[in-house]
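Below is the file model-v2.pdb, which contains PDB, C-alpha atoms and all ligand atoms.
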```
ATOM      1  CA  MET R  53      -8.945 -10.900 -15.375  1.00  0.00           C
ATOM      2  CA  SER R  54      -7.849 -10.595 -11.784  1.00  0.00           C
ATOM      3  CA  PHE R  55      -5.639  -7.852 -10.365  1.00  0.00           C
ATOM      4  CA  TYR R  56      -2.254  -7.985 -12.082  1.00  0.00           C
ATOM      5  CA  ALA R  57       0.818  -6.390 -10.491  1.00  0.00           C
ATOM      6  CA  SER R  58       4.106  -5.894 -12.345  1.00  0.00           C
ATOM      7  CA  ILE R  59       7.099  -4.757 -10.310  1.00  0.00           C
ATOM      8  CA  ILE R  60      10.167  -3.149 -11.888  1.00  0.00           C
ATOM      9  CA  THR R  61      13.055  -3.578  -9.456  1.00  0.00           C
ATOM     10  CA  LEU R  62      16.775  -4.141  -8.953  1.00  0.00           C
ATOM     11  CA  PHE R  63      15.896  -6.757  -6.309  1.00  0.00           C
ATOM     12  CA  PRO R  64      13.330  -9.167  -7.806  1.00  0.00           C
ATOM     13  CA  ASP R  65      14.322 -11.836  -5.260  1.00  0.00           C
ATOM     14  CA  LEU R  66      12.635  -9.791  -2.526  1.00  0.00           C
ATOM     15  CA  PHE R  67       9.241 -10.742  -4.038  1.00  0.00           C
ATOM     16  CA  PRO R  68       6.772 -12.087  -3.120  1.00  0.00           C
ATOM     17  CA  GLY R  69       8.411 -11.995   0.339  1.00  0.00           C
ATOM     18  CA  PRO R  70       5.702 -11.118   2.858  1.00  0.00           C
ATOM     19  CA  LEU R  71       3.151 -11.097   0.028  1.00  0.00           C
ATOM     20  CA  GLY R  72       3.568 -14.880  -0.121  1.00  0.00           C
ATOM     21  CA  ALA R  73       2.258 -15.364   3.420  1.00  0.00           C
ATOM     22  CA  SER R  74      -1.200 -15.916   4.881  1.00  0.00           C
ATOM     23  CA  VAL R  75      -4.307 -14.689   3.063  1.00  0.00           C
ATOM     24  CA  ILE R  76      -2.342 -12.527   0.590  1.00  0.00           C
ATOM     25  CA  GLY R  77      -0.158 -15.497  -0.386  1.00  0.00           C
ATOM     26  CA  ARG R  78      -3.165 -17.806  -0.682  1.00  0.00           C
ATOM     27  CA  GLY R  79      -4.765 -15.234  -2.978  1.00  0.00           C
ATOM     28  CA  LEU R  80      -1.645 -15.378  -5.138  1.00  0.00           C
ATOM     29  CA  GLU R  81      -1.809 -19.166  -5.254  1.00  0.00           C
ATOM     30  CA  ASN R  82      -5.492 -19.360  -6.080  1.00  0.00           C
ATOM     31  CA  GLY R  83      -5.420 -16.635  -8.724  1.00  0.00           C
ATOM     32  CA  ALA R  84      -7.229 -13.822  -6.882  1.00  0.00           C
ATOM     33  CA  TRP R  85      -4.257 -11.714  -8.016  1.00  0.00           C
ATOM     34  CA  SER R  86      -1.020 -12.251  -9.890  1.00  0.00           C
ATOM     35  CA  LEU R  87       2.481 -10.848  -9.679  1.00  0.00           C
ATOM     36  CA  GLU R  88       5.447 -10.575 -12.016  1.00  0.00           C
ATOM     37  CA  THR R  89       8.822  -8.972 -11.383  1.00  0.00           C
ATOM     38  CA  ARG R  90      10.991  -7.322 -14.019  1.00  0.00           C
ATOM     39  CA  PHE R  91      14.713  -7.102 -13.282  1.00  0.00           C
ATOM     40  CA  LEU R  92      15.793  -3.583 -14.181  1.00  0.00           C
ATOM     41  CA  ARG R  93      19.308  -4.735 -15.026  1.00  0.00           C
ATOM     42  CA  ASP R  94      17.925  -6.799 -17.908  1.00  0.00           C
ATOM     43  CA  TYR R  95      17.231  -3.497 -19.686  1.00  0.00           C
ATOM     44  CA  ALA R  96      20.774  -2.115 -19.399  1.00  0.00           C
ATOM     45  CA  SER R  97      22.705  -1.949 -22.654  1.00  0.00           C
ATOM     46  CA  ASP R  98      26.381  -2.151 -21.631  1.00  0.00           C
ATOM     47  CA  LYS R  99      28.294  -5.225 -20.595  1.00  0.00           C
ATOM     48  CA  HIS R 100      28.382  -4.148 -16.927  1.00  0.00           C
ATOM     49  CA  ARG R 101      24.568  -3.828 -17.000  1.00  0.00           C
ATOM     50  CA  THR R 102      24.738  -0.308 -15.597  1.00  0.00           C
ATOM     51  CA  VAL R 103      21.379   1.182 -14.580  1.00  0.00           C
ATOM     52  CA  ASP R 104      22.487   4.359 -12.792  1.00  0.00           C
ATOM     53  CA  ASP R 105      24.788   7.340 -13.132  1.00  0.00           C
ATOM     54  CA  THR R 106      25.976  10.304 -11.085  1.00  0.00           C
ATOM     55  CA  PRO R 107      23.522  13.176 -10.472  1.00  0.00           C
ATOM     56  CA  SER R 108      23.677  16.027 -12.956  1.00  0.00           C
ATOM     57  CA  GLY R 109      24.768  19.149 -11.083  1.00  0.00           C
ATOM     58  CA  GLY R 110      26.844  17.080  -8.673  1.00  0.00           C
ATOM     59  CA  GLY R 111      26.211  15.699  -5.220  1.00  0.00           C
ATOM     60  CA  ALA R 112      26.284  12.345  -3.507  1.00  0.00           C
ATOM     61  CA  GLY R 113      24.862   9.049  -4.705  1.00  0.00           C
ATOM     62  CA  MET R 114      23.527   7.729  -7.972  1.00  0.00           C
ATOM     63  CA  VAL R 115      20.369   8.254 -10.004  1.00  0.00           C
ATOM     64  CA  LEU R 116      18.477   5.607 -12.021  1.00  0.00           C
ATOM     65  CA  ARG R 117      18.747   6.395 -15.727  1.00  0.00           C
ATOM     66  CA  ALA R 118      15.652   7.549 -17.608  1.00  0.00           C
ATOM     67  CA  ASP R 119      16.368   5.559 -20.784  1.00  0.00           C
ATOM     68  CA  ILE R 120      16.803   2.242 -18.997  1.00  0.00           C
ATOM     69  CA  LEU R 121      13.751   2.704 -16.778  1.00  0.00           C
ATOM     70  CA  ALA R 122      11.684   3.742 -19.806  1.00  0.00           C
ATOM     71  CA  ALA R 123      12.765   0.599 -21.683  1.00  0.00           C
ATOM     72  CA  ALA R 124      11.720  -1.535 -18.699  1.00  0.00           C
ATOM     73  CA  ILE R 125       8.366   0.249 -18.394  1.00  0.00           C
ATOM     74  CA  ASP R 126       7.644  -0.027 -22.134  1.00  0.00           C
ATOM     75  CA  ASP R 127       8.462  -3.719 -22.157  1.00  0.00           C
ATOM     76  CA  THR R 128       6.255  -4.318 -19.098  1.00  0.00           C
ATOM     77  CA  ALA R 129       3.229  -2.290 -20.165  1.00  0.00           C
ATOM     78  CA  ALA R 130       2.154  -2.033 -23.812  1.00  0.00           C
ATOM     79  CA  GLN R 131       0.698   1.299 -25.041  1.00  0.00           C
ATOM     80  CA  ASP R 132      -2.865   0.110 -24.429  1.00  0.00           C
ATOM     81  CA  ASP R 133      -2.173  -1.409 -20.984  1.00  0.00           C
ATOM     82  CA  PRO R 134      -4.929   0.062 -18.787  1.00  0.00           C
ATOM     83  CA  ARG R 135      -2.992  -0.324 -15.529  1.00  0.00           C
ATOM     84  CA  PRO R 136      -1.785   2.808 -13.694  1.00  0.00           C
ATOM     85  CA  LYS R 137       1.993   3.234 -13.688  1.00  0.00           C
ATOM     86  CA  ILE R 138       3.197   4.027 -10.181  1.00  0.00           C
ATOM     87  CA  LEU R 139       6.564   5.163  -8.853  1.00  0.00           C
ATOM     88  CA  MET R 140       7.130   4.575  -5.141  1.00  0.00           C
ATOM     89  CA  SER R 141       8.569   7.878  -3.933  1.00  0.00           C
ATOM     90  CA  PRO R 142       8.850   9.830  -0.678  1.00  0.00           C
ATOM     91  CA  ARG R 143       7.879  12.905  -2.717  1.00  0.00           C
ATOM     92  CA  GLY R 144       4.652  11.267  -3.872  1.00  0.00           C
ATOM     93  CA  THR R 145       1.046  11.691  -2.799  1.00  0.00           C
ATOM     94  CA  PRO R 146       0.633   9.976   0.577  1.00  0.00           C
ATOM     95  CA  LEU R 147      -1.140   6.619   0.155  1.00  0.00           C
ATOM     96  CA  THR R 148      -4.666   6.556   1.561  1.00  0.00           C
ATOM     97  CA  GLN R 149      -7.299   3.859   1.973  1.00  0.00           C
ATOM     98  CA  LYS R 150      -9.301   5.744  -0.690  1.00  0.00           C
ATOM     99  CA  ARG R 151      -6.547   5.289  -3.306  1.00  0.00           C
ATOM    100  CA  VAL R 152      -6.088   1.688  -2.125  1.00  0.00           C
ATOM    101  CA  ARG R 153      -9.795   1.020  -2.769  1.00  0.00           C
ATOM    102  CA  GLU R 154      -9.596   2.612  -6.222  1.00  0.00           C
ATOM    103  CA  LEU R 155      -6.587   0.486  -7.146  1.00  0.00           C
ATOM    104  CA  ALA R 156      -8.330  -2.656  -5.879  1.00  0.00           C
ATOM    105  CA  ALA R 157     -11.268  -1.888  -8.190  1.00  0.00           C
ATOM    106  CA  GLY R 158      -8.937  -1.582 -11.203  1.00  0.00           C
ATOM    107  CA  PRO R 159      -7.023  -4.017 -13.428  1.00  0.00           C
ATOM    108  CA  GLY R 160      -3.730  -3.916 -11.482  1.00  0.00           C
ATOM    109  CA  ALA R 161      -0.639  -1.731 -11.352  1.00  0.00           C
ATOM    110  CA  VAL R 162       2.820  -1.382 -12.823  1.00  0.00           C
ATOM    111  CA  ILE R 163       5.056  -0.378  -9.930  1.00  0.00           C
ATOM    112  CA  VAL R 164       8.538   1.087 -10.281  1.00  0.00           C
ATOM    113  CA  CYS R 165      10.800   0.700  -7.244  1.00  0.00           C
ATOM    114  CA  GLY R 166      13.432   3.421  -6.936  1.00  0.00           C
ATOM    115  CA  ARG R 167      16.878   2.935  -5.398  1.00  0.00           C
ATOM    116  CA  PHE R 168      19.883   5.133  -4.588  1.00  0.00           C
ATOM    117  CA  GLU R 169      18.999   8.847  -4.797  1.00  0.00           C
ATOM    118  CA  GLY R 170      15.925   8.148  -6.899  1.00  0.00           C
ATOM    119  CA  VAL R 171      15.087   8.296 -10.609  1.00  0.00           C
ATOM    120  CA  ASP R 172      15.710  10.792 -13.420  1.00  0.00           C
ATOM    121  CA  GLN R 173      12.823  13.295 -13.431  1.00  0.00           C
ATOM    122  CA  ARG R 174      12.338  12.984 -17.197  1.00  0.00           C
ATOM    123  CA  VAL R 175      11.110   9.393 -17.074  1.00  0.00           C
ATOM    124  CA  ILE R 176       8.523  10.345 -14.435  1.00  0.00           C
ATOM    125  CA  GLU R 177       7.111  12.894 -16.876  1.00  0.00           C
ATOM    126  CA  ALA R 178       7.615  10.961 -20.118  1.00  0.00           C
ATOM    127  CA  ARG R 179       5.842   7.847 -18.792  1.00  0.00           C
ATOM    128  CA  ASP R 180       3.333   9.770 -16.687  1.00  0.00           C
ATOM    129  CA  LEU R 181       4.248   7.958 -13.472  1.00  0.00           C
ATOM    130  CA  GLU R 182       1.979   8.494 -10.475  1.00  0.00           C
ATOM    131  CA  GLU R 183       4.265   9.101  -7.496  1.00  0.00           C
ATOM    132  CA  ILE R 184       2.990   7.484  -4.295  1.00  0.00           C
ATOM    133  CA  SER R 185       4.555   7.757  -0.834  1.00  0.00           C
ATOM    134  CA  ILE R 186       3.881   5.412   2.073  1.00  0.00           C
ATOM    135  CA  GLY R 187       4.806   8.050   4.662  1.00  0.00           C
ATOM    136  CA  ASP R 188       7.033  10.928   5.641  1.00  0.00           C
ATOM    137  CA  TYR R 189      10.265   9.022   6.114  1.00  0.00           C
ATOM    138  CA  VAL R 190      12.910   7.786   3.696  1.00  0.00           C
ATOM    139  CA  LEU R 191      13.465   4.109   2.875  1.00  0.00           C
ATOM    140  CA  ALA R 192      16.490   2.700   1.059  1.00  0.00           C
ATOM    141  CA  GLY R 193      14.386   1.494  -1.855  1.00  0.00           C
ATOM    142  CA  GLY R 194      10.861   1.247  -3.242  1.00  0.00           C
ATOM    143  CA  GLU R 195      10.455  -2.522  -2.793  1.00  0.00           C
ATOM    144  CA  VAL R 196       9.104  -2.521   0.764  1.00  0.00           C
ATOM    145  CA  ALA R 197       6.892   0.457  -0.130  1.00  0.00           C
ATOM    146  CA  ALA R 198       5.507  -1.489  -3.122  1.00  0.00           C
ATOM    147  CA  MET R 199       4.768  -4.420  -0.812  1.00  0.00           C
ATOM    148  CA  VAL R 200       2.923  -2.135   1.580  1.00  0.00           C
ATOM    149  CA  LEU R 201       0.795  -0.787  -1.262  1.00  0.00           C
ATOM    150  CA  LEU R 202       0.082  -4.241  -2.691  1.00  0.00           C
ATOM    151  CA  GLU R 203      -0.747  -5.792   0.664  1.00  0.00           C
ATOM    152  CA  ALA R 204      -3.280  -3.037   1.347  1.00  0.00           C
ATOM    153  CA  VAL R 205      -4.832  -3.462  -2.117  1.00  0.00           C
ATOM    154  CA  VAL R 206      -4.855  -7.262  -2.315  1.00  0.00           C
ATOM    155  CA  ARG R 207      -6.645  -7.773   0.987  1.00  0.00           C
ATOM    156  CA  LEU R 208      -9.611  -5.886  -0.522  1.00  0.00           C
ATOM    157  CA  LEU R 209      -9.848  -8.117  -3.599  1.00  0.00           C
ATOM    158  CA  PRO R 210     -12.841 -10.469  -3.812  1.00  0.00           C
ATOM    159  CA  GLY R 211     -12.169 -13.814  -2.159  1.00  0.00           C
ATOM    160  CA  VAL R 212      -8.969 -12.815  -0.365  1.00  0.00           C
ATOM    161  CA  LEU R 213     -10.326 -12.201   3.134  1.00  0.00           C
ATOM    162  CA  GLY R 214     -13.136 -14.438   4.345  1.00  0.00           C
ATOM    163  CA  ALA R 215     -16.607 -12.982   4.782  1.00  0.00           C
ATOM    164  CA  GLU R 216     -16.125 -12.908   8.533  1.00  0.00           C
ATOM    165  CA  GLU R 217     -13.343 -10.374   8.100  1.00  0.00           C
ATOM    166  CA  SER R 218     -15.463  -7.631   6.653  1.00  0.00           C
ATOM    167  CA  HIS R 219     -13.949  -4.293   5.685  1.00  0.00           C
ATOM    168  CA  ALA R 220     -16.880  -2.095   6.513  1.00  0.00           C
ATOM    169  CA  ASP R 221     -15.936  -1.346  10.136  1.00  0.00           C
ATOM    170  CA  GLU R 222     -12.232  -0.938   9.664  1.00  0.00           C
ATOM    171  CA  SER R 223     -10.058   2.053  10.373  1.00  0.00           C
ATOM    172  CA  PHE R 224     -10.359   4.727   7.646  1.00  0.00           C
ATOM    173  CA  GLU R 225     -13.321   3.110   5.896  1.00  0.00           C
ATOM    174  CA  ASP R 226     -15.657   5.584   7.534  1.00  0.00           C
ATOM    175  CA  GLY R 227     -13.144   8.382   8.096  1.00  0.00           C
ATOM    176  CA  LEU R 228     -12.750   6.974  11.609  1.00  0.00           C
ATOM    177  CA  LEU R 229     -10.234   4.806  13.427  1.00  0.00           C
ATOM    178  CA  GLU R 230     -11.586   1.448  14.526  1.00  0.00           C
ATOM    179  CA  TYR R 231     -13.119   0.928  17.965  1.00  0.00           C
ATOM    180  CA  PRO R 232     -11.160  -1.200  20.508  1.00  0.00           C
ATOM    181  CA  GLN R 233     -11.446  -4.975  20.140  1.00  0.00           C
ATOM    182  CA  PHE R 234     -11.678  -7.600  22.889  1.00  0.00           C
ATOM    183  CA  THR R 235     -11.853 -11.375  23.122  1.00  0.00           C
ATOM    184  CA  ARG R 236     -11.698 -14.022  25.825  1.00  0.00           C
ATOM    185  CA  PRO R 237     -10.650 -14.417  28.602  1.00  0.00           C
ATOM    186  CA  GLN R 238     -13.347 -12.403  30.319  1.00  0.00           C
ATOM    187  CA  VAL R 239     -10.808 -11.070  32.854  1.00  0.00           C
ATOM    188  CA  PHE R 240      -7.161 -10.376  31.958  1.00  0.00           C
ATOM    189  CA  GLU R 241      -4.868  -9.239  34.785  1.00  0.00           C
ATOM    190  CA  GLY R 242      -7.883  -7.788  36.550  1.00  0.00           C
ATOM    191  CA  ARG R 243      -9.186  -5.954  33.465  1.00  0.00           C
ATOM    192  CA  GLU R 244     -12.685  -6.890  32.294  1.00  0.00           C
ATOM    193  CA  ILE R 245     -14.193  -6.796  28.831  1.00  0.00           C
ATOM    194  CA  PRO R 246     -16.570  -3.778  28.758  1.00  0.00           C
ATOM    195  CA  PRO R 247     -19.926  -5.217  29.957  1.00  0.00           C
ATOM    196  CA  VAL R 248     -21.853  -3.748  27.000  1.00  0.00           C
ATOM    197  CA  LEU R 249     -19.947  -6.074  24.650  1.00  0.00           C
ATOM    198  CA  ILE R 250     -21.238  -9.155  26.414  1.00  0.00           C
ATOM    199  CA  SER R 251     -24.753  -7.788  26.939  1.00  0.00           C
ATOM    200  CA  GLY R 252     -26.031  -9.388  23.720  1.00  0.00           C
ATOM    201  CA  ASP R 253     -27.765  -6.070  22.893  1.00  0.00           C
ATOM    202  CA  HIS R 254     -26.731  -5.334  19.285  1.00  0.00           C
ATOM    203  CA  GLY R 255     -28.030  -1.769  19.326  1.00  0.00           C
ATOM    204  CA  ARG R 256     -26.047  -0.874  22.426  1.00  0.00           C
ATOM    205  CA  VAL R 257     -22.924  -2.568  21.062  1.00  0.00           C
ATOM    206  CA  GLU R 258     -23.197  -0.566  17.821  1.00  0.00           C
ATOM    207  CA  LYS R 259     -23.661   2.692  19.714  1.00  0.00           C
ATOM    208  CA  TRP R 260     -20.733   1.976  22.044  1.00  0.00           C
ATOM    209  CA  ARG R 261     -18.439   1.117  19.130  1.00  0.00           C
ATOM    210  CA  ARG R 262     -19.399   4.249  17.222  1.00  0.00           C
ATOM    211  CA  GLU R 263     -18.776   6.450  20.286  1.00  0.00           C
ATOM    212  CA  GLN R 264     -15.422   4.782  20.921  1.00  0.00           C
ATOM    213  CA  ALA R 265     -14.371   5.186  17.291  1.00  0.00           C
ATOM    214  CA  GLN R 266     -15.323   8.853  17.340  1.00  0.00           C
ATOM    215  CA  ALA R 267     -13.549   9.571  20.632  1.00  0.00           C
ATOM    216  CA  LEU R 268     -10.423   7.722  19.494  1.00  0.00           C
ATOM    217  CA  THR R 269     -10.324   9.588  16.185  1.00  0.00           C
ATOM    218  CA  GLN R 270     -10.855  12.993  17.827  1.00  0.00           C
ATOM    219  CA  ASP R 271      -8.126  12.273  20.347  1.00  0.00           C
ATOM    220  CA  ARG R 272      -5.473  10.609  18.162  1.00  0.00           C
ATOM    221  CA  ARG R 273      -6.131  11.965  14.692  1.00  0.00           C
ATOM    222  CA  PRO R 274      -7.579  15.466  14.809  1.00  0.00           C
ATOM    223  CA  ASP R 275      -6.635  15.733  11.103  1.00  0.00           C
ATOM    224  CA  LEU R 276      -8.950  12.824  10.175  1.00  0.00           C
ATOM    225  CA  TRP R 277     -11.674  14.134  12.453  1.00  0.00           C
ATOM    226  CA  ALA R 278     -11.581  17.605  10.903  1.00  0.00           C
ATOM    227  CA  ALA R 279     -11.618  16.196   7.369  1.00  0.00           C
ATOM    228  CA  ARG R 280     -14.619  14.059   8.262  1.00  0.00           C
ATOM    229  CA  LYS R 281     -16.711  16.868   9.713  1.00  0.00           C
ATOM    230  CA  GLN R 282     -16.176  18.935   6.579  1.00  0.00           C
ATOM    231  CA  LYS R 283     -18.050  16.334   4.563  1.00  0.00           C
ATOM    232  CA  PRO R 284     -21.582  17.335   3.558  1.00  0.00           C
TER
HETATM  233  N1  LIG J 301      16.707  11.073  -2.493  1.00  0.00           N
HETATM  234  C1  LIG J 301      15.313  10.725  -2.412  1.00  0.00           C
HETATM  235  C2  LIG J 301      15.107   9.438  -1.611  1.00  0.00           C
HETATM  236  C3  LIG J 301      15.561   8.206  -2.324  1.00  0.00           C
HETATM  237  S1  LIG J 301      15.232   6.773  -1.393  1.00  0.00           S
HETATM  238  C4  LIG J 301      14.574  11.872  -1.734  1.00  0.00           C
HETATM  239  O1  LIG J 301      15.144  12.519  -0.875  1.00  0.00           O
HETATM  240  O2  LIG J 301      13.386  12.095  -2.042  1.00  0.00           O
HETATM  241  C5  LIG J 301      15.332   5.533  -2.646  1.00  0.00           C
HETATM  242  C6  LIG J 301      13.999   5.009  -3.160  1.00  0.00           C
HETATM  243  O3  LIG J 301      13.276   4.444  -2.077  1.00  0.00           O
HETATM  244  C7  LIG J 301      13.071   6.025  -3.775  1.00  0.00           C
HETATM  245  O4  LIG J 301      13.373   6.257  -5.126  1.00  0.00           O
HETATM  246  C8  LIG J 301      11.724   5.362  -3.604  1.00  0.00           C
HETATM  247  O5  LIG J 301      11.462   4.448  -4.649  1.00  0.00           O
HETATM  248  C9  LIG J 301      11.885   4.581  -2.307  1.00  0.00           C
HETATM  249  N2  LIG J 301      11.290   5.266  -1.148  1.00  0.00           N
HETATM  250  C10 LIG J 301      11.968   5.842  -0.129  1.00  0.00           C
HETATM  251  N3  LIG J 301      11.136   6.369   0.774  1.00  0.00           N
HETATM  252  C11 LIG J 301       9.880   6.124   0.336  1.00  0.00           C
HETATM  253  C12 LIG J 301       8.590   6.424   0.838  1.00  0.00           C
HETATM  254  N4  LIG J 301       8.407   7.100   1.977  1.00  0.00           N
HETATM  255  N5  LIG J 301       7.519   6.024   0.127  1.00  0.00           N
HETATM  256  C13 LIG J 301       7.672   5.355  -1.041  1.00  0.00           C
HETATM  257  N6  LIG J 301       8.870   5.036  -1.567  1.00  0.00           N
HETATM  258  C14 LIG J 301       9.976   5.415  -0.887  1.00  0.00           C
END
```
Could I get this file's structure written as structure tokens?
Amino acid sequence: MSFYASIITLFPDLFPGPLGASVIGRGLENGAWSLETRFLRDYASDKHRTVDDTPSGGGAGMVLRADILAAAIDDTAAQDDPRPKILMSPRGTPLTQKRVRELAAGPGAVIVCGRFEGVDQRVIEARDLEEISIGDYVLAGGEVAAMVLLEAVVRLLPGVLGAEESHADESFEDGLLEYPQFTRPQVFEGREIPPVLISGDHGRVEKWRREQAQALTQDRRPDLWAARKQKP
């Protein structure tokens, strides 16, 4: 079974959206992964198909109801479904390449997209939802965040990127940002490709790239650099 993503959303028409393009979209077509959307409104019980209500304790906006979300989750994932259940949330654990790799090695994910002010806390606990954030800013809904997560995961699945686009060197894979890349022309507006890269000397190229990656990481991401040096 390939990676199977189920999305619970008020806006199913947004999918696959950008996930239908390029290598990610080809992977969807050729079965490297699969995607289903569940329309949250289908789980509402009144004739207006209401999914939200005003926040208890007062305040602006609306909150997605626990009972309706739980019904959608239960219908999407049976008791023995091994897939992690994720809620996209600005209060969640920040997404990292490490978690992306773990998800890519697993059976898939059930992803709940929040809207409005968010979701009733009780469904997060009752369905053991893993809250994941894509960064310290607030979006209008979880759909784009879910796409970000899925795009990062799917590109790691077997057969999605060609062999020439290996993951080993990429940013974060080694706790480092990637070294600078160059391609022809040899001279662009008076700027040359660093001579070492056209020397044909693999050892020197490797060394130069490693030094560049280290310097870049130290300079731009002291947090990553510090975390890396703490490793045994
Ligand atoms: N009132 C909430 C924000 C709600 S934004 C708060 O202050 O925490 C509406 C929905 O957008 C959220 O339920 C979540 O699903 C999604 N969302 C917003 N920002 C996000 C982020 N940084 N990462 C992941 N999902 C996010």
Can you tell me which residues come within 9 Å of ligand LIG 301 (chain J) when counting only C-alpha atoms and all ligand atoms, ideally as an mmCIF file with C-alpha atoms, in the frame of the given file?
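Printed below is pocket03.cif as written:
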```cif
data_model
loop_
_atom_site.group_PDB
_atom_site.id
_atom_site.type_symbol
_atom_site.label_atom_id
_atom_site.label_comp_id
_atom_site.auth_asym_id
_atom_site.auth_seq_id
_atom_site.Cartn_x
_atom_site.Cartn_y
_atom_site.Cartn_z
ATOM 1 C CA GLY R 113 24.862 9.049 -4.705
ATOM 2 C CA VAL R 115 20.369 8.254 -10.004
ATOM 3 C CA LEU R 116 18.477 5.607 -12.021
ATOM 4 C CA LEU R 139 6.564 5.163 -8.853
ATOM 5 C CA MET R 140 7.130 4.575 -5.141
ATOM 6 C CA SER R 141 8.569 7.878 -3.933
ATOM 7 C CA PRO R 142 8.850 9.830 -0.678
ATOM 8 C CA ARG R 143 7.879 12.905 -2.717
ATOM 9 C CA GLY R 144 4.652 11.267 -3.872
ATOM 10 C CA PRO R 146 0.633 9.976 0.577
ATOM 11 C CA LEU R 147 -1.140 6.619 0.155
ATOM 12 C CA VAL R 164 8.538 1.087 -10.281
ATOM 13 C CA CYS R 165 10.800 0.700 -7.244
ATOM 14 C CA GLY R 166 13.432 3.421 -6.936
ATOM 15 C CA ARG R 167 16.878 2.935 -5.398
ATOM 16 C CA PHE R 168 19.883 5.133 -4.588
ATOM 17 C CA GLU R 169 18.999 8.847 -4.797
ATOM 18 C CA GLY R 170 15.925 8.148 -6.899
ATOM 19 C CA VAL R 171 15.087 8.296 -10.609
ATOM 20 C CA GLU R 183 4.265 9.101 -7.496
ATOM 21 C CA ILE R 184 2.990 7.484 -4.295
ATOM 22 C CA SER R 185 4.555 7.757 -0.834
ATOM 23 C CA ILE R 186 3.881 5.412 2.073
ATOM 24 C CA GLY R 187 4.806 8.050 4.662
ATOM 25 C CA ASP R 188 7.033 10.928 5.641
ATOM 26 C CA TYR R 189 10.265 9.022 6.114
ATOM 27 C CA VAL R 190 12.910 7.786 3.696
ATOM 28 C CA LEU R 191 13.465 4.109 2.875
ATOM 29 C CA ALA R 192 16.490 2.700 1.059
ATOM 30 C CA GLY R 193 14.386 1.494 -1.855
ATOM 31 C CA GLY R 194 10.861 1.247 -3.242
ATOM 32 C CA GLU R 195 10.455 -2.522 -2.793
ATOM 33 C CA VAL R 196 9.104 -2.521 0.764
ATOM 34 C CA ALA R 197 6.892 0.457 -0.130
ATOM 35 C CA ALA R 198 5.507 -1.489 -3.122
#
```
Please measure the separation of atom CA of R:Arg261 and atom CA of R:Leu208, giving the value in Å to one decimal. 22.7 Å
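Of the listed residues R:Ala124, R:Val152, R:Ile176, R:Leu229, the one whose atoms come nearest to R:Leu202 is R:Val152, with distances taken using all atoms listed in the file.
In terms of minimum interatomic distance to R:Leu121, R:Arg90 ranks closest within R:Arg90, R:Gln149, R:Asp253, R:Gly79, counting only C-alpha atoms.
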Would you work out the distance separating atom CA of R:Met114 from atom CA of R:Ile59, expressed in Å to one decimal? 20.8 Å
Quick one: residues within 12 Å of stretch 264-280 of chain R, only C-alpha atoms, excluding same-chain residues fewer than 4 positions away - as a list in words?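 In the requested form, the answer reads Thr148, Asp221, Glu222, Ser223, Phe224, Glu225, Asp226, Gly227, Leu228, Leu229, Glu230, Tyr231, Pro232, Gln233, Pro246, Val257, Glu258, Lys259, Trp260 and Pro284 of chain R.
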Given the file shown, determine the residues that the PyMOL selection byres (((chain R and resi 89) around 7) and not hetatm) selects; report them as number ranges by chain. R: 58-60, 64, 87-88, 90-91
Any idea what's packed within 12 Å of R:Thr102, counting only C-alpha atoms, ignoring anything in its chain fewer than 2 positions away? Could you give it as a list in words?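 Counting only the stated atoms, we get Leu62, Leu92, Arg93, Asp94, Tyr95, Ala96, Ser97, Asp98, Lys99, His100, Asp104, Asp105, Thr106, Met114, Val115, Leu116, Arg117, Asp119, Ile120 and Leu121 of chain R.
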Edge lengths and centre in Å to one decimal, as AutoDock Vina command-line options, is what I'm after for the box along x, y and z that holds all listed atoms of stretch 190-199 of chain R once 8 Å is added on each side.
```
--center_x 10.6 --center_y 1.7 --center_z 0.2 --size_x 27.7 --size_y 28.2 --size_z 22.9
```
Residue members of the PyMOL selection byres (((chain R and resi 156) around 12) and not hetatm) in the file shown, as a short mmCIF file (atom, residue, chain, number, x, y, z; two decimals) with C-alpha atoms, in the coordinates of the input:
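So the final result, stored in result-v1.cif, reads:
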```cif
data_model
loop_
_atom_site.label_atom_id
_atom_site.label_comp_id
_atom_site.auth_asym_id
_atom_site.auth_seq_id
_atom_site.Cartn_x
_atom_site.Cartn_y
_atom_site.Cartn_z
CA SER R 54 -7.85 -10.60 -11.78
CA PHE R 55 -5.64 -7.85 -10.36
CA TYR R 56 -2.25 -7.98 -12.08
CA ALA R 57 0.82 -6.39 -10.49
CA ALA R 84 -7.23 -13.82 -6.88
CA TRP R 85 -4.26 -11.71 -8.02
CA ARG R 135 -2.99 -0.32 -15.53
CA PRO R 136 -1.78 2.81 -13.69
CA GLN R 149 -7.30 3.86 1.97
CA LYS R 150 -9.30 5.74 -0.69
CA ARG R 151 -6.55 5.29 -3.31
CA VAL R 152 -6.09 1.69 -2.12
CA ARG R 153 -9.80 1.02 -2.77
CA GLU R 154 -9.60 2.61 -6.22
CA LEU R 155 -6.59 0.49 -7.15
CA ALA R 157 -11.27 -1.89 -8.19
CA GLY R 158 -8.94 -1.58 -11.20
CA PRO R 159 -7.02 -4.02 -13.43
CA GLY R 160 -3.73 -3.92 -11.48
CA ALA R 161 -0.64 -1.73 -11.35
CA LEU R 201 0.80 -0.79 -1.26
CA LEU R 202 0.08 -4.24 -2.69
CA GLU R 203 -0.75 -5.79 0.66
CA ALA R 204 -3.28 -3.04 1.35
CA VAL R 205 -4.83 -3.46 -2.12
CA VAL R 206 -4.86 -7.26 -2.32
CA ARG R 207 -6.64 -7.77 0.99
CA LEU R 208 -9.61 -5.89 -0.52
CA LEU R 209 -9.85 -8.12 -3.60
CA PRO R 210 -12.84 -10.47 -3.81
CA VAL R 212 -8.97 -12.82 -0.36
#
```
